[in-house]
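Raw input19.cif, mmCIF, C-alpha atoms:
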data_my_file
#
loop_
_atom_site.label_atom_id
_atom_site.label_comp_id
_atom_site.auth_asym_id
_atom_site.auth_seq_id
_atom_site.Cartn_x
_atom_site.Cartn_y
_atom_site.Cartn_z
CA MET A 620 -15.66 -18.60 -19.86
CA GLY A 621 -14.15 -21.87 -18.58
CA ASN A 622 -10.71 -22.56 -17.18
CA ASN A 623 -9.13 -23.73 -20.45
CA GLU A 624 -10.79 -20.99 -22.47
CA LEU A 625 -9.40 -18.40 -20.07
CA ILE A 626 -5.86 -19.73 -20.41
CA GLN A 627 -6.13 -19.92 -24.20
CA TYR A 628 -7.25 -16.28 -24.33
CA LEU A 629 -4.24 -15.19 -22.29
CA SER A 630 -1.86 -17.30 -24.39
CA ARG A 631 -3.11 -15.57 -27.53
CA SER A 632 -2.61 -12.09 -26.07
CA GLY A 633 1.06 -12.05 -27.07
CA ASN A 634 2.15 -10.14 -23.97
CA ILE A 635 1.99 -13.00 -21.50
CA THR A 636 4.82 -15.46 -20.92
CA GLY A 637 2.72 -18.04 -19.10
CA SER A 638 -0.34 -18.42 -16.92
CA PHE A 639 -2.17 -20.94 -14.81
CA LEU A 640 -5.22 -21.37 -12.63
CA VAL A 641 -4.97 -22.96 -9.22
CA SER A 642 -7.55 -23.76 -6.54
CA PRO A 643 -7.32 -22.39 -2.98
CA SER A 644 -6.07 -25.84 -1.92
CA GLY A 645 -3.21 -25.64 -4.43
CA SER A 646 -4.62 -27.96 -7.10
CA TYR A 647 -3.56 -27.15 -10.64
CA LEU A 648 -6.63 -26.56 -12.83
CA ALA A 649 -5.34 -25.33 -16.19
CA GLY A 650 -2.35 -23.52 -17.58
CA ASP A 651 0.11 -22.70 -20.31
CA LEU A 652 3.48 -22.79 -18.61
CA PRO A 653 6.83 -21.57 -19.94
CA ASP A 654 9.76 -24.01 -20.11
CA PHE A 655 11.68 -22.28 -17.32
CA PHE A 656 8.83 -22.59 -14.85
CA ASP A 657 8.96 -25.43 -12.34
CA SER A 658 5.37 -26.71 -12.06
CA THR A 659 6.13 -28.39 -8.72
CA LYS A 660 6.13 -24.84 -7.27
CA ILE A 661 2.45 -24.28 -8.06
CA PRO A 662 1.06 -25.38 -4.65
CA VAL A 663 3.57 -23.11 -2.89
CA ILE A 664 2.64 -20.16 -5.07
CA ALA A 665 -1.06 -20.74 -4.37
CA GLU A 666 -0.61 -21.02 -0.62
CA GLU A 667 1.74 -18.06 -0.29
CA GLY A 668 -0.21 -16.00 -2.82
CA TYR A 669 -3.41 -16.32 -0.82
CA THR A 670 -1.47 -15.51 2.36
CA VAL A 671 -0.17 -12.26 0.85
CA LEU A 672 -3.69 -11.36 -0.30
CA GLU A 673 -5.14 -12.02 3.14
CA THR A 674 -2.47 -9.88 4.78
CA ILE A 675 -3.13 -6.99 2.42
CA ARG A 676 -6.88 -7.31 2.95
CA THR A 677 -6.47 -6.56 6.65
CA LYS A 678 -5.98 -2.92 5.52
CA VAL A 679 -7.24 -2.93 1.93
CA PRO A 680 -10.32 -5.15 2.28
CA ASP A 681 -11.34 -5.13 -1.38
CA ALA A 682 -7.88 -5.89 -2.81
CA LYS A 683 -8.27 -8.43 -5.61
CA GLU A 684 -4.94 -8.46 -7.39
CA ILE A 685 -1.27 -8.41 -6.51
CA ARG A 686 1.56 -7.57 -8.87
CA LEU A 687 5.06 -8.61 -7.85
CA ASP A 688 8.05 -7.30 -9.79
CA THR A 689 11.34 -9.17 -9.62
CA HIS A 690 14.54 -8.85 -11.60
CA LEU A 691 13.20 -11.66 -13.83
CA LEU A 692 9.46 -11.21 -14.15
CA ALA A 693 6.27 -9.33 -13.40
CA ILE A 694 3.92 -11.75 -11.64
CA PHE A 695 0.20 -11.09 -11.37
CA LEU A 696 -1.93 -12.94 -8.79
CA ARG A 697 -5.63 -12.34 -9.41
CA ASP A 698 -8.30 -13.69 -7.08
CA LEU A 699 -11.14 -15.04 -9.22
CA GLY A 700 -13.22 -16.24 -6.31
CA ARG A 701 -13.04 -20.01 -6.61
CA THR A 702 -9.60 -19.90 -8.26
CA LEU A 703 -6.38 -17.93 -8.26
CA LEU A 704 -5.06 -16.81 -11.65
CA VAL A 705 -1.27 -16.48 -11.85
CA VAL A 706 0.20 -14.67 -14.85
CA LEU A 707 3.91 -14.39 -15.66
CA VAL A 708 5.25 -11.59 -17.86
CA ASN A 709 8.96 -11.61 -18.70
CA ASP A 710 9.06 -8.09 -20.11
CA SER A 711 7.88 -5.42 -17.67
CA ALA A 712 7.17 -3.13 -20.63
CA LYS A 713 4.36 -5.53 -21.52
CA ALA A 714 2.87 -5.64 -18.03
CA ASN A 715 0.21 -3.00 -18.66
CA SER A 716 -1.01 -4.87 -21.76
CA ALA A 717 -1.03 -8.09 -19.76
CA LYS A 718 -3.07 -6.37 -17.07
CA ILE A 719 -5.70 -5.39 -19.65
CA ALA A 720 -5.94 -9.02 -20.81
CA ILE A 721 -6.31 -10.18 -17.19
CA ASP A 722 -9.14 -7.70 -16.61
CA VAL A 723 -10.91 -8.97 -19.73
CA VAL A 724 -10.79 -12.63 -18.71
CA ALA A 725 -11.72 -11.80 -15.11
CA ARG A 726 -14.88 -10.04 -16.29
CA ARG A 727 -15.80 -13.02 -18.48
CA TYR A 728 -14.89 -15.58 -15.83
CA LEU A 729 -16.82 -13.99 -12.99
CA PRO A 730 -20.53 -13.40 -13.63
CA GLU A 731 -20.55 -10.41 -11.32
CA GLY A 732 -17.87 -8.66 -13.34
CA GLY A 733 -14.49 -9.70 -11.91
CA MET B 147 28.97 14.19 -8.85
CA GLU B 148 26.02 12.65 -10.62
CA ILE B 149 24.37 9.95 -8.56
CA GLU B 150 22.80 7.18 -10.59
CA THR B 151 19.67 5.74 -9.08
CA ARG B 152 17.35 2.98 -10.16
CA LEU B 153 14.89 0.53 -8.74
CA GLN B 154 16.65 -2.47 -7.29
CA PRO B 155 15.83 -5.58 -5.36
CA PRO B 156 15.72 -4.85 -1.63
CA LEU B 157 18.65 -7.24 -1.12
CA ASP B 158 18.51 -9.05 2.18
CA LEU B 159 15.90 -7.31 4.27
CA THR B 160 17.39 -8.73 7.45
CA ILE B 161 20.65 -6.80 7.02
CA VAL B 162 20.91 -4.00 9.54
CA SER B 163 21.63 -0.63 7.98
CA THR B 164 23.79 1.68 10.05
CA MET B 165 22.70 4.86 8.31
CA LYS B 166 19.14 6.12 8.33
CA PRO B 167 18.27 7.70 4.98
CA GLU B 168 16.90 11.21 4.73
CA PRO B 169 13.32 11.28 3.49
CA VAL B 170 12.63 11.91 -0.16
CA ASN B 171 10.85 15.27 -0.28
CA PRO B 172 7.34 14.40 1.02
CA ASP B 173 5.78 17.40 -0.71
CA ALA B 174 7.23 16.27 -4.03
CA ILE B 175 5.83 12.77 -3.49
CA ALA B 176 2.43 14.18 -2.55
CA ALA B 177 2.45 16.19 -5.77
CA LEU B 178 2.88 13.09 -7.94
CA GLN B 179 -0.25 12.34 -9.92
CA GLY B 180 -2.73 10.07 -8.14
CA VAL B 181 -0.89 9.86 -4.82
CA LYS B 182 -3.23 10.06 -1.81
CA HIS B 183 -0.94 8.94 1.01
CA SER B 184 2.67 7.89 1.35
CA PHE B 185 5.21 6.56 3.81
CA GLN B 186 8.95 6.01 3.76
CA THR B 187 11.00 3.62 5.87
CA ASP B 188 14.54 2.35 5.95
CA ARG B 189 15.27 -1.27 5.06
CA ASN B 190 14.43 -2.32 8.61
CA PHE B 191 11.02 -0.71 8.28
CA GLN B 192 11.91 2.10 10.67
CA GLU B 193 9.80 5.11 9.77
CA ILE B 194 11.42 8.01 7.93
CA HIS B 195 8.22 9.78 6.95
CA CYS B 196 4.50 9.08 7.11
CA SER B 197 1.99 11.43 5.49
CA SER B 198 -1.21 10.52 7.35
CA ASP B 199 -3.05 8.08 9.60
CA ALA B 200 -4.14 6.20 6.47
CA ALA B 201 -0.51 5.88 5.41
CA ALA B 202 0.39 4.62 8.88
CA GLU B 203 -2.23 1.89 8.52
CA LEU B 204 -0.57 0.67 5.32
CA GLN B 205 2.91 1.06 6.78
CA GLU B 206 1.84 -1.31 9.54
CA ILE B 207 1.39 -4.23 7.12
CA ALA B 208 4.30 -3.38 4.81
CA PRO B 209 6.88 -5.60 6.57
CA ALA B 210 4.64 -8.65 6.53
CA CYS B 211 3.57 -8.05 2.95
CA LEU B 212 7.13 -7.65 1.68
CA ARG B 213 8.47 -10.61 3.61
CA LEU B 214 5.66 -12.88 2.41
CA ALA B 215 5.94 -11.70 -1.18
CA SER B 216 9.74 -12.05 -1.12
CA LYS B 217 9.32 -15.57 0.24
CA LEU B 218 6.89 -16.42 -2.56
CA THR B 219 9.14 -15.23 -5.38
CA ALA B 220 12.21 -16.85 -3.82
CA ASN B 221 10.52 -20.20 -3.12
CA ALA B 222 9.05 -20.28 -6.63
CA GLU B 223 12.46 -19.33 -8.09
CA LEU B 224 10.90 -16.36 -9.86
CA GLY B 225 13.56 -13.81 -8.90
CA SER B 226 14.29 -11.19 -6.24
CA LEU B 227 11.40 -8.92 -5.35
CA TYR B 228 11.89 -5.15 -5.66
CA ARG B 229 8.33 -3.92 -5.89
CA MET B 230 4.88 -5.08 -4.98
CA GLN B 231 1.49 -3.65 -5.71
CA ALA B 232 -1.99 -4.53 -4.52
CA SER B 233 -5.01 -3.30 -6.44
CA SER B 234 -8.73 -3.01 -5.88
CA ASP B 235 -11.36 -1.43 -8.09
CA HIS B 236 -10.67 1.90 -6.39
CA ASP B 237 -7.07 1.99 -5.21
CA HIS B 238 -3.52 0.86 -5.62
CA PHE B 239 -1.22 0.18 -2.69
CA ILE B 240 2.39 -0.05 -3.80
CA ILE B 241 5.67 -0.62 -1.99
CA LEU B 242 8.90 0.19 -3.81
CA ALA B 243 12.51 -0.36 -2.85
CA LEU B 244 14.69 2.55 -3.89
CA ASN B 245 18.44 2.07 -3.70
CA PRO B 246 20.98 4.78 -4.33
CA GLU B 247 23.79 3.32 -6.45
CA VAL B 248 26.66 4.83 -4.50
CA PRO B 249 29.13 3.15 -2.11
CA ASN B 250 28.31 3.48 1.59
CA ALA B 251 25.10 5.31 0.81
CA PRO B 252 22.25 5.18 3.25
CA GLY B 253 19.33 3.04 2.30
CA PRO B 254 17.69 1.47 0.60
CA ARG B 255 14.51 3.30 1.27
CA LEU B 256 11.16 1.63 1.09
CA VAL B 257 8.41 3.89 -0.18
CA GLY B 258 4.74 3.03 0.17
CA LEU B 259 2.12 4.82 -1.87
CA HIS B 260 -1.65 4.75 -1.78
CA THR B 261 -2.99 5.99 -5.10
CA ASP B 262 -6.22 6.08 -7.02
CA HIS B 263 -6.85 3.18 -9.38
CA THR B 264 -6.26 5.20 -12.56
CA THR B 265 -2.62 5.86 -11.70
CA ASP B 266 -0.01 4.44 -14.07
CA ILE B 267 2.24 2.83 -11.49
CA ASP B 268 5.11 2.23 -13.92
CA HIS B 269 5.18 5.92 -14.78
CA LEU B 270 4.84 6.85 -11.12
CA ALA B 271 7.81 4.64 -10.20
CA VAL B 272 10.00 6.40 -12.76
CA GLU B 273 8.93 9.81 -11.45
CA LEU B 274 9.53 8.75 -7.88
CA THR B 275 13.03 7.52 -8.68
CA SER B 276 13.80 10.85 -10.31
CA LEU B 277 13.16 12.57 -6.97
CA LEU B 278 16.11 10.84 -5.30
#
Encoded form (C-alpha coordinates):
Amino acid sequence: MGNNELIQYLSRSGNITGSFLVSPSGSYLAGDLPDFFDSTKIPVIAEEGYTVLETIRTKVPDAKEIRLDTHLLAIFLRDLGRTLLVVLVNDSAKANSAKIAIDVVARRYLPEGG
Amino acid sequence: MEIETRLQPPLDLTIVSTMKPEPVNPDAIAALQGVKHSFQTDRNFQEIHCSSDAAAELQEIAPACLRLASKLTANAELGSLYRMQASSDHDHFIILALNPEVPNAPGPRLVGLHTDHTTDIDHLAVELTSLL
(Lines of atoms letter the chains of each structure in order from A and count residues from 1; the text may use other names and numbers.)
(Lines give C-alpha, C1' and ligand atoms only; values in the text may rest on other atoms or scores of the structure.)
Protein backbone atom coordinates (compact mmCIF):
# COMPACT_ATOMS: atom_id res chain seq x y z
CA MET A 1 0.00 0.00 0.00
CA GLY A 2 1.42 3.39 -1.04
CA ASN A 3 1.01 6.78 0.57
CA ASN A 4 -1.92 7.95 -1.57
CA GLU A 5 -3.64 4.58 -1.40
CA LEU A 6 -3.42 4.67 2.39
CA ILE A 7 -5.00 8.12 2.57
CA GLN A 8 -7.76 7.15 0.13
CA TYR A 9 -8.60 4.11 2.25
CA LEU A 10 -8.93 6.26 5.36
CA SER A 11 -11.02 8.87 3.52
CA ARG A 12 -13.47 6.16 2.47
CA SER A 13 -13.84 4.82 6.02
CA GLY A 14 -16.51 7.41 6.85
CA ASN A 15 -15.33 7.83 10.44
CA ILE A 16 -12.28 9.96 9.76
CA THR A 17 -12.38 13.74 9.39
CA GLY A 18 -8.95 14.06 7.80
CA SER A 19 -5.55 12.41 7.64
CA PHE A 20 -2.06 12.97 6.36
CA LEU A 21 1.35 11.36 6.16
CA VAL A 22 4.46 13.28 7.09
CA SER A 23 8.16 12.37 7.10
CA PRO A 24 10.32 12.55 10.23
CA SER A 25 11.77 15.79 8.84
CA GLY A 26 8.28 17.32 8.61
CA SER A 27 7.76 16.99 4.85
CA TYR A 28 4.16 16.52 3.78
CA LEU A 29 3.80 13.29 1.77
CA ALA A 30 0.07 12.80 1.19
CA GLY A 31 -3.20 13.72 2.82
CA ASP A 32 -6.88 14.52 2.75
CA LEU A 33 -7.23 17.57 4.95
CA PRO A 34 -10.42 19.13 6.33
CA ASP A 35 -11.15 22.80 5.58
CA PHE A 36 -10.58 23.90 9.18
CA PHE A 37 -7.09 22.44 9.31
CA ASP A 38 -4.15 24.80 8.77
CA SER A 39 -1.65 22.84 6.65
CA THR A 40 1.18 25.18 7.67
CA LYS A 41 1.02 23.42 11.07
CA ILE A 42 2.07 20.06 9.62
CA PRO A 43 5.84 20.41 10.29
CA VAL A 44 5.12 21.42 13.90
CA ILE A 45 2.81 18.46 14.40
CA ALA A 46 5.45 16.10 12.99
CA GLU A 47 8.26 17.47 15.14
CA GLU A 48 6.24 17.60 18.35
CA GLY A 49 4.51 14.30 17.63
CA TYR A 50 7.82 12.48 17.34
CA THR A 51 9.02 14.23 20.51
CA VAL A 52 6.00 12.97 22.46
CA LEU A 53 6.56 9.45 21.11
CA GLU A 54 10.23 9.50 22.09
CA THR A 55 9.37 10.68 25.60
CA ILE A 56 6.81 7.92 26.06
CA ARG A 57 9.25 5.33 24.71
CA THR A 58 11.66 6.05 27.56
CA LYS A 59 9.21 4.02 29.71
CA VAL A 60 7.05 2.22 27.14
CA PRO A 61 9.69 1.24 24.57
CA ASP A 62 7.35 -0.40 22.08
CA ALA A 63 4.74 2.40 22.00
CA LYS A 64 3.68 2.96 18.40
CA GLU A 65 0.61 5.15 18.61
CA ILE A 66 -0.59 8.16 20.55
CA ARG A 67 -4.17 9.31 20.85
CA LEU A 68 -4.78 12.86 22.02
CA ASP A 69 -8.29 13.96 22.96
CA THR A 70 -9.15 17.65 22.96
CA HIS A 71 -12.44 19.49 23.25
CA LEU A 72 -12.48 19.59 19.43
CA LEU A 73 -10.99 16.36 18.15
CA ALA A 74 -9.47 12.96 18.73
CA ILE A 75 -6.02 12.98 17.12
CA PHE A 76 -4.16 9.77 16.35
CA LEU A 77 -0.39 9.80 15.71
CA ARG A 78 0.79 6.44 14.38
CA ASP A 79 4.45 5.71 13.75
CA LEU A 80 4.72 3.82 10.45
CA GLY A 81 8.49 3.59 10.50
CA ARG A 82 9.53 5.89 7.67
CA THR A 83 6.46 8.10 8.10
CA LEU A 84 4.10 9.43 10.74
CA LEU A 85 0.38 9.01 10.07
CA VAL A 86 -1.83 11.71 11.63
CA VAL A 87 -5.58 11.09 11.74
CA LEU A 88 -8.20 13.60 12.88
CA VAL A 89 -11.61 12.49 14.13
CA ASN A 90 -14.14 15.18 15.02
CA ASP A 91 -16.57 12.84 16.78
CA SER A 92 -15.04 10.91 19.67
CA ALA A 93 -17.82 8.34 19.33
CA LYS A 94 -16.22 7.38 16.02
CA ALA A 95 -12.69 7.09 17.41
CA ASN A 96 -12.80 3.33 17.93
CA SER A 97 -13.91 2.78 14.33
CA ALA A 98 -11.18 5.12 13.16
CA LYS A 99 -8.66 3.14 15.19
CA ILE A 100 -9.69 -0.07 13.40
CA ALA A 101 -9.16 1.63 10.02
CA ILE A 102 -5.72 2.86 11.15
CA ASP A 103 -4.73 -0.66 12.21
CA VAL A 104 -5.81 -1.99 8.81
CA VAL A 105 -3.74 0.50 6.81
CA ALA A 106 -0.76 0.11 9.15
CA ARG A 107 -0.72 -3.64 8.53
CA ARG A 108 -0.88 -3.09 4.77
CA TYR A 109 1.67 -0.27 4.80
CA LEU A 110 4.29 -2.05 6.87
CA PRO A 111 5.46 -5.42 5.52
CA GLU A 112 6.19 -6.68 9.01
CA GLY A 113 2.60 -6.10 10.11
CA GLY A 114 2.38 -2.54 11.47
CA MET B 1 -25.99 17.65 46.91
CA GLU B 2 -25.31 15.87 43.66
CA ILE B 3 -21.89 16.67 42.29
CA GLU B 4 -21.67 16.63 38.51
CA THR B 5 -18.37 15.40 37.17
CA ARG B 6 -17.04 14.99 33.67
CA LEU B 7 -13.79 14.86 31.81
CA GLN B 8 -12.46 18.32 31.15
CA PRO B 9 -9.41 19.97 29.73
CA PRO B 10 -6.71 20.31 32.38
CA LEU B 11 -6.93 24.11 32.06
CA ASP B 12 -3.63 25.82 32.62
CA LEU B 13 -1.30 23.25 34.11
CA THR B 14 0.94 25.97 35.50
CA ILE B 15 -1.75 27.25 37.87
CA VAL B 16 -0.93 26.37 41.45
CA SER B 17 -3.73 24.58 43.24
CA THR B 18 -4.06 25.36 46.92
CA MET B 19 -6.02 22.23 47.79
CA LYS B 20 -4.65 18.74 47.37
CA PRO B 21 -7.40 16.38 46.23
CA GLU B 22 -8.17 13.18 48.09
CA PRO B 23 -7.35 10.08 46.06
CA VAL B 24 -10.07 8.35 44.13
CA ASN B 25 -10.48 4.96 45.81
CA PRO B 26 -7.36 3.05 44.61
CA ASP B 27 -9.02 -0.32 45.17
CA ALA B 28 -11.93 0.71 42.97
CA ILE B 29 -9.53 1.82 40.24
CA ALA B 30 -7.58 -1.43 40.52
CA ALA B 31 -10.83 -3.34 40.10
CA LEU B 32 -11.62 -1.68 36.77
CA GLN B 33 -11.30 -4.10 33.89
CA GLY B 34 -7.83 -4.27 32.36
CA VAL B 35 -6.09 -1.96 34.83
CA LYS B 36 -2.63 -3.21 35.84
CA HIS B 37 -1.18 -0.13 37.54
CA SER B 38 -2.37 3.36 38.35
CA PHE B 39 -1.26 6.68 39.77
CA GLN B 40 -3.00 9.88 40.77
CA THR B 41 -1.52 13.36 41.06
CA ASP B 42 -2.80 16.87 41.53
CA ARG B 43 -2.55 19.38 38.68
CA ASN B 44 1.03 20.15 39.66
CA PHE B 45 1.92 16.49 39.34
CA GLN B 46 2.31 16.06 43.09
CA GLU B 47 1.59 12.45 43.94
CA ILE B 48 -1.72 11.57 45.57
CA HIS B 49 -1.50 7.82 45.06
CA CYS B 50 0.76 5.39 43.24
CA SER B 51 -0.08 1.70 43.04
CA SER B 52 3.34 0.18 42.26
CA ASP B 53 6.91 0.71 41.12
CA ALA B 54 5.70 0.27 37.53
CA ALA B 55 3.14 3.02 38.06
CA ALA B 56 5.86 5.25 39.50
CA GLU B 57 7.89 4.77 36.33
CA LEU B 58 5.00 6.03 34.22
CA GLN B 59 4.22 8.83 36.67
CA GLU B 60 7.78 10.03 36.17
CA ILE B 61 7.19 10.86 32.48
CA ALA B 62 3.59 12.08 32.86
CA PRO B 63 4.46 15.79 33.26
CA ALA B 64 6.68 15.85 30.19
CA CYS B 65 4.21 13.85 28.14
CA LEU B 66 1.26 16.08 29.04
CA ARG B 67 3.16 19.30 28.52
CA LEU B 68 4.48 18.20 25.13
CA ALA B 69 1.11 16.89 24.00
CA SER B 70 -0.65 20.06 25.23
CA LYS B 71 1.90 22.12 23.32
CA LEU B 72 1.26 20.10 20.17
CA THR B 73 -2.52 20.50 20.23
CA ALA B 74 -2.28 24.18 21.13
CA ASN B 75 0.35 25.02 18.49
CA ALA B 76 -1.62 23.13 15.83
CA GLU B 77 -4.83 24.87 16.95
CA LEU B 78 -6.50 21.50 17.48
CA GLY B 79 -8.03 22.27 20.88
CA SER B 80 -7.28 21.89 24.59
CA LEU B 81 -5.94 18.52 25.65
CA TYR B 82 -7.80 16.61 28.37
CA ARG B 83 -6.62 13.06 27.77
CA MET B 84 -3.73 11.29 26.16
CA GLN B 85 -3.09 7.66 25.48
CA ALA B 86 -0.08 5.76 24.22
CA SER B 87 -0.49 2.26 22.85
CA SER B 88 1.74 -0.66 21.97
CA ASP B 89 0.77 -4.13 20.83
CA HIS B 90 0.54 -5.18 24.48
CA ASP B 91 -0.40 -2.18 26.60
CA HIS B 92 -2.11 1.14 26.89
CA PHE B 93 -0.75 3.99 28.97
CA ILE B 94 -3.37 6.66 29.52
CA ILE B 95 -3.42 9.95 31.41
CA LEU B 96 -6.77 11.55 32.16
CA ALA B 97 -7.66 14.89 33.68
CA LEU B 98 -10.63 14.62 36.01
CA ASN B 99 -12.22 17.85 37.19
CA PRO B 100 -14.99 18.07 39.74
CA GLU B 101 -17.54 20.62 38.51
CA VAL B 102 -18.02 22.40 41.83
CA PRO B 103 -16.80 25.84 42.94
CA ASN B 104 -13.62 25.86 45.02
CA ALA B 105 -13.26 22.12 44.67
CA PRO B 106 -9.86 20.55 44.91
CA GLY B 107 -8.34 19.34 41.71
CA PRO B 108 -8.26 18.60 38.98
CA ARG B 109 -6.79 15.21 39.47
CA LEU B 110 -4.62 13.57 36.90
CA VAL B 111 -5.03 9.82 36.74
CA GLY B 112 -2.57 7.57 34.94
CA LEU B 113 -3.49 4.01 34.05
CA HIS B 114 -1.48 1.16 32.63
CA THR B 115 -3.84 -1.37 31.09
CA ASP B 116 -3.73 -4.35 28.81
CA HIS B 117 -4.20 -3.67 25.11
CA THR B 118 -7.72 -5.13 24.93
CA THR B 119 -9.14 -2.51 27.30
CA ASP B 120 -11.80 -0.20 25.88
CA ILE B 121 -10.34 3.09 27.07
CA ASP B 122 -13.49 5.11 26.31
CA HIS B 123 -15.53 2.79 28.50
CA LEU B 124 -12.84 2.81 31.17
CA ALA B 125 -12.83 6.62 31.24
CA VAL B 126 -16.57 6.69 31.85
CA GLU B 127 -16.25 4.14 34.65
CA LEU B 128 -13.37 6.06 36.19
CA THR B 129 -15.34 9.30 36.17
CA SER B 130 -18.21 7.56 37.91
CA LEU B 131 -15.90 6.81 40.85
CA LEU B 132 -15.47 10.49 41.70
- Identify every residue of chain B that has at least one atom within 9 Å of any atom of chain A, counting all atoms listed in the file, and report the result as a PyMOL selection string. chain B and resi 154-155+203-204+206-208+210-212+214-219+221-239+266+268
- Query: How would you write, as a ChimeraX atom specification, the residues chosen by the PyMOL selection byres ((chain A and resi 648) around 12) on this structure?
  - Reply: /A:621-626,638-647,649-651,661-662,665,701-705
Those residues with C-alpha atoms, as a PDB file, keeping the file's coordinate frame please?
ATOM      1  CA  GLY A 621     -14.150 -21.870 -18.580  1.00  0.00           C
ATOM      2  CA  ASN A 622     -10.710 -22.560 -17.180  1.00  0.00           C
ATOM      3  CA  ASN A 623      -9.130 -23.730 -20.450  1.00  0.00           C
ATOM      4  CA  GLU A 624     -10.790 -20.990 -22.470  1.00  0.00           C
ATOM      5  CA  LEU A 625      -9.400 -18.400 -20.070  1.00  0.00           C
ATOM      6  CA  ILE A 626      -5.860 -19.730 -20.410  1.00  0.00           C
ATOM      7  CA  SER A 638      -0.340 -18.420 -16.920  1.00  0.00           C
ATOM      8  CA  PHE A 639      -2.170 -20.940 -14.810  1.00  0.00           C
ATOM      9  CA  LEU A 640      -5.220 -21.370 -12.630  1.00  0.00           C
ATOM     10  CA  VAL A 641      -4.970 -22.960  -9.220  1.00  0.00           C
ATOM     11  CA  SER A 642      -7.550 -23.760  -6.540  1.00  0.00           C
ATOM     12  CA  PRO A 643      -7.320 -22.390  -2.980  1.00  0.00           C
ATOM     13  CA  SER A 644      -6.070 -25.840  -1.920  1.00  0.00           C
ATOM     14  CA  GLY A 645      -3.210 -25.640  -4.430  1.00  0.00           C
ATOM     15  CA  SER A 646      -4.620 -27.960  -7.100  1.00  0.00           C
ATOM     16  CA  TYR A 647      -3.560 -27.150 -10.640  1.00  0.00           C
ATOM     17  CA  ALA A 649      -5.340 -25.330 -16.190  1.00  0.00           C
ATOM     18  CA  GLY A 650      -2.350 -23.520 -17.580  1.00  0.00           C
ATOM     19  CA  ASP A 651       0.110 -22.700 -20.310  1.00  0.00           C
ATOM     20  CA  ILE A 661       2.450 -24.280  -8.060  1.00  0.00           C
ATOM     21  CA  PRO A 662       1.060 -25.380  -4.650  1.00  0.00           C
ATOM     22  CA  ALA A 665      -1.060 -20.740  -4.370  1.00  0.00           C
ATOM     23  CA  ARG A 701     -13.040 -20.010  -6.610  1.00  0.00           C
ATOM     24  CA  THR A 702      -9.600 -19.900  -8.260  1.00  0.00           C
ATOM     25  CA  LEU A 703      -6.380 -17.930  -8.260  1.00  0.00           C
ATOM     26  CA  LEU A 704      -5.060 -16.810 -11.650  1.00  0.00           C
ATOM     27  CA  VAL A 705      -1.270 -16.480 -11.850  1.00  0.00           C
TER      28      VAL A 705
END
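Atom CA of Gln627 of chain A lies 29.7 Å from atom CA of Ile240 of chain B.
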| said: Taking the file as I've supplied it (selection: the PyMOL selection byres ((chain B and resi 262) around 8)), which residues are included? Please answer as a PyMOL selection string. | reply: chain B and resi 180-182+236-238+260-261+263-265
Here atom CA of Ser184 of chain B and atom CA of Asn171 of chain B stand apart by 11.1 Å
One decimal place gives the atom CA of Pro653 of chain A-atom CA of Val724 of chain A separation as 19.8 Å
- Might you pull out every residue within 12 Å of Glu193 of chain B, with all atoms listed in the file counted and same-chain residues fewer than 2 positions away left off, and present them as a ChimeraX atom specification? /B:166-169,184-191,195-197,201-202,205-206,208-209,255-258
Hey, can I get the axis-aligned box for segment 662-669 of chain A? All listed atoms, 8 Å padding on each side, centre and edge lengths in Å to one decimal, as AutoDock Vina command-line options.
--center_x 0.1 --center_y -20.7 --center_z -2.7 --size_x 23.0 --size_y 25.4 --size_z 20.8
